[in-house]
>>> print(open('final20.pdb').read())   # PDB, C-alpha atoms
ATOM      1  CA  MET A1212     -17.528 -40.648  63.095  1.00  0.00           C
ATOM      2  CA  SER A1213     -20.191 -40.776  60.416  1.00  0.00           C
ATOM      3  CA  LEU A1214     -19.569 -40.951  56.704  1.00  0.00           C
ATOM      4  CA  LEU A1215     -20.917 -37.427  56.240  1.00  0.00           C
ATOM      5  CA  HIS A1216     -18.481 -36.047  58.820  1.00  0.00           C
ATOM      6  CA  THR A1217     -15.582 -37.951  57.237  1.00  0.00           C
ATOM      7  CA  VAL A1218     -16.418 -36.469  53.831  1.00  0.00           C
ATOM      8  CA  SER A1219     -16.705 -32.945  55.266  1.00  0.00           C
ATOM      9  CA  VAL A1220     -13.304 -33.228  56.999  1.00  0.00           C
ATOM     10  CA  PHE A1221     -11.755 -34.496  53.757  1.00  0.00           C
ATOM     11  CA  LEU A1222     -13.250 -31.559  51.832  1.00  0.00           C
ATOM     12  CA  GLU A1223     -12.030 -29.054  54.447  1.00  0.00           C
ATOM     13  CA  PHE A1224      -8.516 -30.477  54.174  1.00  0.00           C
ATOM     14  CA  ALA A1225      -8.635 -30.481  50.354  1.00  0.00           C
ATOM     15  CA  CYS A1226      -9.695 -26.816  50.350  1.00  0.00           C
ATOM     16  CA  PHE A1227      -6.883 -26.008  52.791  1.00  0.00           C
ATOM     17  CA  VAL A1228      -4.331 -27.687  50.488  1.00  0.00           C
ATOM     18  CA  LEU A1229      -5.720 -25.826  47.460  1.00  0.00           C
ATOM     19  CA  ALA A1230      -5.487 -22.539  49.374  1.00  0.00           C
ATOM     20  CA  LEU A1231      -1.838 -23.253  50.194  1.00  0.00           C
ATOM     21  CA  LYS A1232      -1.284 -24.012  46.512  1.00  0.00           C
ATOM     22  CA  MET A1233      -2.668 -20.554  45.708  1.00  0.00           C
ATOM     23  CA  VAL A1234      -0.119 -19.011  48.058  1.00  0.00           C
ATOM     24  CA  PHE A1235       2.710 -20.587  46.112  1.00  0.00           C
ATOM     25  CA  GLU A1236       1.189 -19.555  42.760  1.00  0.00           C
ATOM     26  CA  ARG A1237       1.682 -15.857  43.583  1.00  0.00           C
ATOM     27  CA  LYS A1238      -1.904 -15.376  44.687  1.00  0.00           C
ATOM     28  CA  ARG A1239      -0.627 -14.777  48.177  1.00  0.00           C
ATOM     29  CA  TYR A1240      -3.264 -12.605  49.826  1.00  0.00           C
ATOM     30  CA  ILE A1241      -6.264 -14.577  48.647  1.00  0.00           C
ATOM     31  CA  GLY A1242      -4.476 -17.877  49.307  1.00  0.00           C
ATOM     32  CA  VAL A1243      -3.528 -16.882  52.840  1.00  0.00           C
ATOM     33  CA  ALA A1244      -7.075 -15.730  53.570  1.00  0.00           C
ATOM     34  CA  TRP A1245      -8.528 -19.034  52.381  1.00  0.00           C
ATOM     35  CA  ALA A1246      -5.813 -21.045  54.170  1.00  0.00           C
ATOM     36  CA  VAL A1247      -6.639 -19.261  57.437  1.00  0.00           C
ATOM     37  CA  THR A1248     -10.344 -19.856  56.839  1.00  0.00           C
ATOM     38  CA  PHE A1249     -10.050 -23.582  56.231  1.00  0.00           C
ATOM     39  CA  GLY A1250      -7.301 -24.032  58.833  1.00  0.00           C
ATOM     40  CA  CYS A1251      -9.579 -22.496  61.462  1.00  0.00           C
ATOM     41  CA  LEU A1252     -12.492 -24.651  60.316  1.00  0.00           C
ATOM     42  CA  ILE A1253     -10.390 -27.811  60.531  1.00  0.00           C
ATOM     43  CA  PHE A1254      -9.187 -26.851  64.027  1.00  0.00           C
ATOM     44  CA  TRP A1255     -12.704 -25.907  65.160  1.00  0.00           C
ATOM     45  CA  ASP A1256     -14.236 -29.115  63.802  1.00  0.00           C
ATOM     46  CA  SER A1257     -11.502 -31.306  65.274  1.00  0.00           C
ATOM     47  CA  ALA A1258     -11.656 -29.660  68.697  1.00  0.00           C
ATOM     48  CA  ARG A1259     -15.438 -29.884  68.805  1.00  0.00           C
ATOM     49  CA  THR A1260     -15.622 -33.481  67.554  1.00  0.00           C
ATOM     50  CA  MET A1261     -12.726 -34.911  69.549  1.00  0.00           C
ATOM     51  CA  GLY A1262     -13.651 -33.118  72.755  1.00  0.00           C
ATOM     52  CA  TRP A1263     -10.350 -31.370  73.425  1.00  0.00           C
ATOM     53  CA  GLY A1264     -11.857 -29.560  76.427  1.00  0.00           C
ATOM     54  CA  LEU A1265     -11.572 -26.058  74.962  1.00  0.00           C
ATOM     55  CA  SER A1266     -14.058 -23.447  76.090  1.00  0.00           C
ATOM     56  CA  ARG A1267     -17.026 -22.584  73.940  1.00  0.00           C
ATOM     57  CA  GLU A1268     -15.921 -18.937  73.841  1.00  0.00           C
ATOM     58  CA  PHE A1269     -12.518 -19.926  72.436  1.00  0.00           C
ATOM     59  CA  LEU A1270     -14.063 -22.139  69.773  1.00  0.00           C
ATOM     60  CA  ASP A1271     -16.524 -19.371  68.869  1.00  0.00           C
ATOM     61  CA  THR A1272     -13.557 -17.012  68.480  1.00  0.00           C
ATOM     62  CA  VAL A1273     -11.817 -19.485  66.159  1.00  0.00           C
ATOM     63  CA  LEU A1274     -15.013 -19.737  64.108  1.00  0.00           C
ATOM     64  CA  LEU A1275     -15.286 -15.926  64.009  1.00  0.00           C
ATOM     65  CA  ILE A1276     -11.707 -15.675  62.700  1.00  0.00           C
ATOM     66  CA  ALA A1277     -12.569 -18.212  59.989  1.00  0.00           C
ATOM     67  CA  MET A1278     -15.631 -16.258  58.913  1.00  0.00           C
ATOM     68  CA  LEU A1279     -13.797 -12.910  58.904  1.00  0.00           C
ATOM     69  CA  SER A1280     -11.005 -14.427  56.840  1.00  0.00           C
ATOM     70  CA  ALA A1281     -13.542 -15.826  54.357  1.00  0.00           C
ATOM     71  CA  LEU A1282     -15.182 -12.401  54.181  1.00  0.00           C
ATOM     72  CA  LEU A1283     -11.807 -10.816  53.462  1.00  0.00           C
ATOM     73  CA  ALA A1284     -11.116 -13.387  50.726  1.00  0.00           C
ATOM     74  CA  MET A1285     -14.479 -12.758  49.099  1.00  0.00           C
ATOM     75  CA  TRP A1286     -13.998  -8.989  49.299  1.00  0.00           C
ATOM     76  CA  HIS A1287     -10.588  -9.376  47.676  1.00  0.00           C
ATOM     77  CA  LEU A1288     -12.094 -11.412  44.852  1.00  0.00           C
ATOM     78  CA  GLY A1289     -14.853  -8.835  44.375  1.00  0.00           C
ATOM     79  CA  SER A1290     -12.419  -5.939  44.264  1.00  0.00           C
ATOM     80  CA  LYS A1291     -10.366  -7.717  41.577  1.00  0.00           C
ATOM     81  CA  ARG A1292     -13.413  -8.144  39.318  1.00  0.00           C
ATOM     82  CA  GLY A1293     -15.085  -4.801  39.877  1.00  0.00           C
TER      83      GLY A1293
END
>>> encode(input="final20.pdb", output="structure tokens")
Amino acid sequence: MSLLHTVSVFLEFACFVLALKMVFERKRYIGVAWAVTFGCLIFWDSARTMGWGLSREFLDTVLLIAMLSALLAMWHLGSKRG
């Protein structure tokens, strides 16, 4: 595992922890959306890197869920400001 990959995994995990912190600070919907996003990214990255033998279609679905959750989180933020 390269240094760049190690740093990216650390940042994904840090963002996941911060998203969980948001859930407990009464920012539930946005926190859950970000937690799902980064949880899916951590799972996707780990499965792809470690070679867990999961199908490409399944991993693409996990990535799609992460992106949809991020889109929902960004929409929620936009609706709060506008």
>>> residues_around(input="final20.pdb", residues="Thr1272 of chain A", least_positions_apart="6", cutoff="12 Å", atoms="only C-alpha atoms", output="PDB file with C-alpha atoms, in the frame of the given file")
ATOM      1  CA  CYS A1251      -9.579 -22.496  61.462  1.00  0.00           C
ATOM      2  CA  LEU A1252     -12.492 -24.651  60.316  1.00  0.00           C
ATOM      3  CA  PHE A1254      -9.187 -26.851  64.027  1.00  0.00           C
ATOM      4  CA  TRP A1255     -12.704 -25.907  65.160  1.00  0.00           C
ATOM      5  CA  LEU A1265     -11.572 -26.058  74.962  1.00  0.00           C
ATOM      6  CA  SER A1266     -14.058 -23.447  76.090  1.00  0.00           C
ATOM      7  CA  MET A1278     -15.631 -16.258  58.913  1.00  0.00           C
ATOM      8  CA  LEU A1279     -13.797 -12.910  58.904  1.00  0.00           C
TER       9      LEU A1279
END
>>> resolve_selection(input="final20.pdb", expression="the PyMOL selection byres ((chain A and resi 1227-1236) around 12)", output="PyMOL selection string")
chain A and resi 1220-1226+1237-1254+1281+1284
>>> atom_distance(input="final20.pdb", atom1="atom CA of Arg1259 of chain A", atom2="atom CA of Met1285 of chain A")
26.1 Å
>>> atom_distance(input="final20.pdb", atom1="atom CA of Ala1277 of chain A", atom2="atom CA of Leu1214 of chain A")
24.0 Å
>>> axis_aligned_box(input="final20.pdb", around="segment 1275-1278 of chain A", padding_each_side="8 Å", output="lines of an AutoDock Vina configuration file")
center_x = -13.7
center_y = -16.9
center_z = 61.5
size_x = 19.9
size_y = 18.5
size_z = 21.1
>>> build_atoms(input="final20.pdb", residues="segment 1275-1293 of chain A", atoms="N, CA, C and O atoms", output="PDB file, keeping the file's coordinate frame")
ATOM      1  N   LEU A1275     -15.179 -17.315  64.439  1.00  0.00           N
ATOM      2  CA  LEU A1275     -15.286 -15.926  64.009  1.00  0.00           C
ATOM      3  C   LEU A1275     -14.096 -15.530  63.129  1.00  0.00           C
ATOM      4  O   LEU A1275     -14.259 -14.867  62.103  1.00  0.00           O
ATOM      5  N   ILE A1276     -12.899 -15.953  63.509  1.00  0.00           N
ATOM      6  CA  ILE A1276     -11.707 -15.675  62.700  1.00  0.00           C
ATOM      7  C   ILE A1276     -11.850 -16.315  61.319  1.00  0.00           C
ATOM      8  O   ILE A1276     -11.520 -15.707  60.296  1.00  0.00           O
ATOM      9  N   ALA A1277     -12.366 -17.530  61.276  1.00  0.00           N
ATOM     10  CA  ALA A1277     -12.569 -18.212  59.989  1.00  0.00           C
ATOM     11  C   ALA A1277     -13.544 -17.438  59.112  1.00  0.00           C
ATOM     12  O   ALA A1277     -13.301 -17.236  57.918  1.00  0.00           O
ATOM     13  N   MET A1278     -14.628 -16.980  59.697  1.00  0.00           N
ATOM     14  CA  MET A1278     -15.631 -16.258  58.913  1.00  0.00           C
ATOM     15  C   MET A1278     -15.113 -14.894  58.453  1.00  0.00           C
ATOM     16  O   MET A1278     -15.359 -14.475  57.313  1.00  0.00           O
ATOM     17  N   LEU A1279     -14.374 -14.196  59.301  1.00  0.00           N
ATOM     18  CA  LEU A1279     -13.797 -12.910  58.904  1.00  0.00           C
ATOM     19  C   LEU A1279     -12.765 -13.088  57.793  1.00  0.00           C
ATOM     20  O   LEU A1279     -12.683 -12.276  56.865  1.00  0.00           O
ATOM     21  N   SER A1280     -11.987 -14.137  57.876  1.00  0.00           N
ATOM     22  CA  SER A1280     -11.005 -14.427  56.840  1.00  0.00           C
ATOM     23  C   SER A1280     -11.698 -14.765  55.522  1.00  0.00           C
ATOM     24  O   SER A1280     -11.258 -14.326  54.449  1.00  0.00           O
ATOM     25  N   ALA A1281     -12.779 -15.517  55.576  1.00  0.00           N
ATOM     26  CA  ALA A1281     -13.542 -15.826  54.357  1.00  0.00           C
ATOM     27  C   ALA A1281     -14.146 -14.551  53.772  1.00  0.00           C
ATOM     28  O   ALA A1281     -14.136 -14.349  52.554  1.00  0.00           O
ATOM     29  N   LEU A1282     -14.634 -13.671  54.636  1.00  0.00           N
ATOM     30  CA  LEU A1282     -15.182 -12.401  54.181  1.00  0.00           C
ATOM     31  C   LEU A1282     -14.107 -11.566  53.487  1.00  0.00           C
ATOM     32  O   LEU A1282     -14.339 -10.977  52.421  1.00  0.00           O
ATOM     33  N   LEU A1283     -12.920 -11.531  54.062  1.00  0.00           N
ATOM     34  CA  LEU A1283     -11.807 -10.816  53.462  1.00  0.00           C
ATOM     35  C   LEU A1283     -11.444 -11.410  52.094  1.00  0.00           C
ATOM     36  O   LEU A1283     -11.206 -10.678  51.129  1.00  0.00           O
ATOM     37  N   ALA A1284     -11.422 -12.727  51.993  1.00  0.00           N
ATOM     38  CA  ALA A1284     -11.116 -13.387  50.726  1.00  0.00           C
ATOM     39  C   ALA A1284     -12.164 -13.056  49.674  1.00  0.00           C
ATOM     40  O   ALA A1284     -11.825 -12.766  48.520  1.00  0.00           O
ATOM     41  N   MET A1285     -13.436 -13.075  50.052  1.00  0.00           N
ATOM     42  CA  MET A1285     -14.479 -12.758  49.099  1.00  0.00           C
ATOM     43  C   MET A1285     -14.439 -11.288  48.695  1.00  0.00           C
ATOM     44  O   MET A1285     -14.648 -10.956  47.525  1.00  0.00           O
ATOM     45  N   TRP A1286     -14.147 -10.401  49.624  1.00  0.00           N
ATOM     46  CA  TRP A1286     -13.998  -8.989  49.299  1.00  0.00           C
ATOM     47  C   TRP A1286     -12.847  -8.776  48.331  1.00  0.00           C
ATOM     48  O   TRP A1286     -12.953  -8.016  47.382  1.00  0.00           O
ATOM     49  N   HIS A1287     -11.748  -9.482  48.554  1.00  0.00           N
ATOM     50  CA  HIS A1287     -10.588  -9.376  47.676  1.00  0.00           C
ATOM     51  C   HIS A1287     -10.936  -9.834  46.266  1.00  0.00           C
ATOM     52  O   HIS A1287     -10.551  -9.206  45.281  1.00  0.00           O
ATOM     53  N   LEU A1288     -11.665 -10.938  46.165  1.00  0.00           N
ATOM     54  CA  LEU A1288     -12.094 -11.412  44.852  1.00  0.00           C
ATOM     55  C   LEU A1288     -13.019 -10.394  44.170  1.00  0.00           C
ATOM     56  O   LEU A1288     -12.891 -10.128  42.975  1.00  0.00           O
ATOM     57  N   GLY A1289     -13.925  -9.825  44.934  1.00  0.00           N
ATOM     58  CA  GLY A1289     -14.853  -8.835  44.375  1.00  0.00           C
ATOM     59  C   GLY A1289     -14.145  -7.578  43.911  1.00  0.00           C
ATOM     60  O   GLY A1289     -14.499  -6.990  42.884  1.00  0.00           O
ATOM     61  N   SER A1290     -13.135  -7.150  44.646  1.00  0.00           N
ATOM     62  CA  SER A1290     -12.419  -5.939  44.264  1.00  0.00           C
ATOM     63  C   SER A1290     -11.564  -6.169  43.016  1.00  0.00           C
ATOM     64  O   SER A1290     -11.290  -5.241  42.271  1.00  0.00           O
ATOM     65  N   LYS A1291     -11.137  -7.399  42.775  1.00  0.00           N
ATOM     66  CA  LYS A1291     -10.366  -7.717  41.577  1.00  0.00           C
ATOM     67  C   LYS A1291     -11.254  -7.691  40.329  1.00  0.00           C
ATOM     68  O   LYS A1291     -10.817  -7.348  39.256  1.00  0.00           O
ATOM     69  N   ARG A1292     -12.508  -8.061  40.472  1.00  0.00           N
ATOM     70  CA  ARG A1292     -13.413  -8.144  39.318  1.00  0.00           C
ATOM     71  C   ARG A1292     -14.087  -6.824  39.022  1.00  0.00           C
ATOM     72  O   ARG A1292     -14.487  -6.569  37.908  1.00  0.00           O
ATOM     73  N   GLY A1293     -14.325  -6.027  40.058  1.00  0.00           N
ATOM     74  CA  GLY A1293     -15.085  -4.801  39.877  1.00  0.00           C
ATOM     75  C   GLY A1293     -14.213  -3.691  39.495  1.00  0.00           C
ATOM     76  O   GLY A1293     -14.359  -2.759  38.858  1.00  0.00           O
TER      77      GLY A1293
END
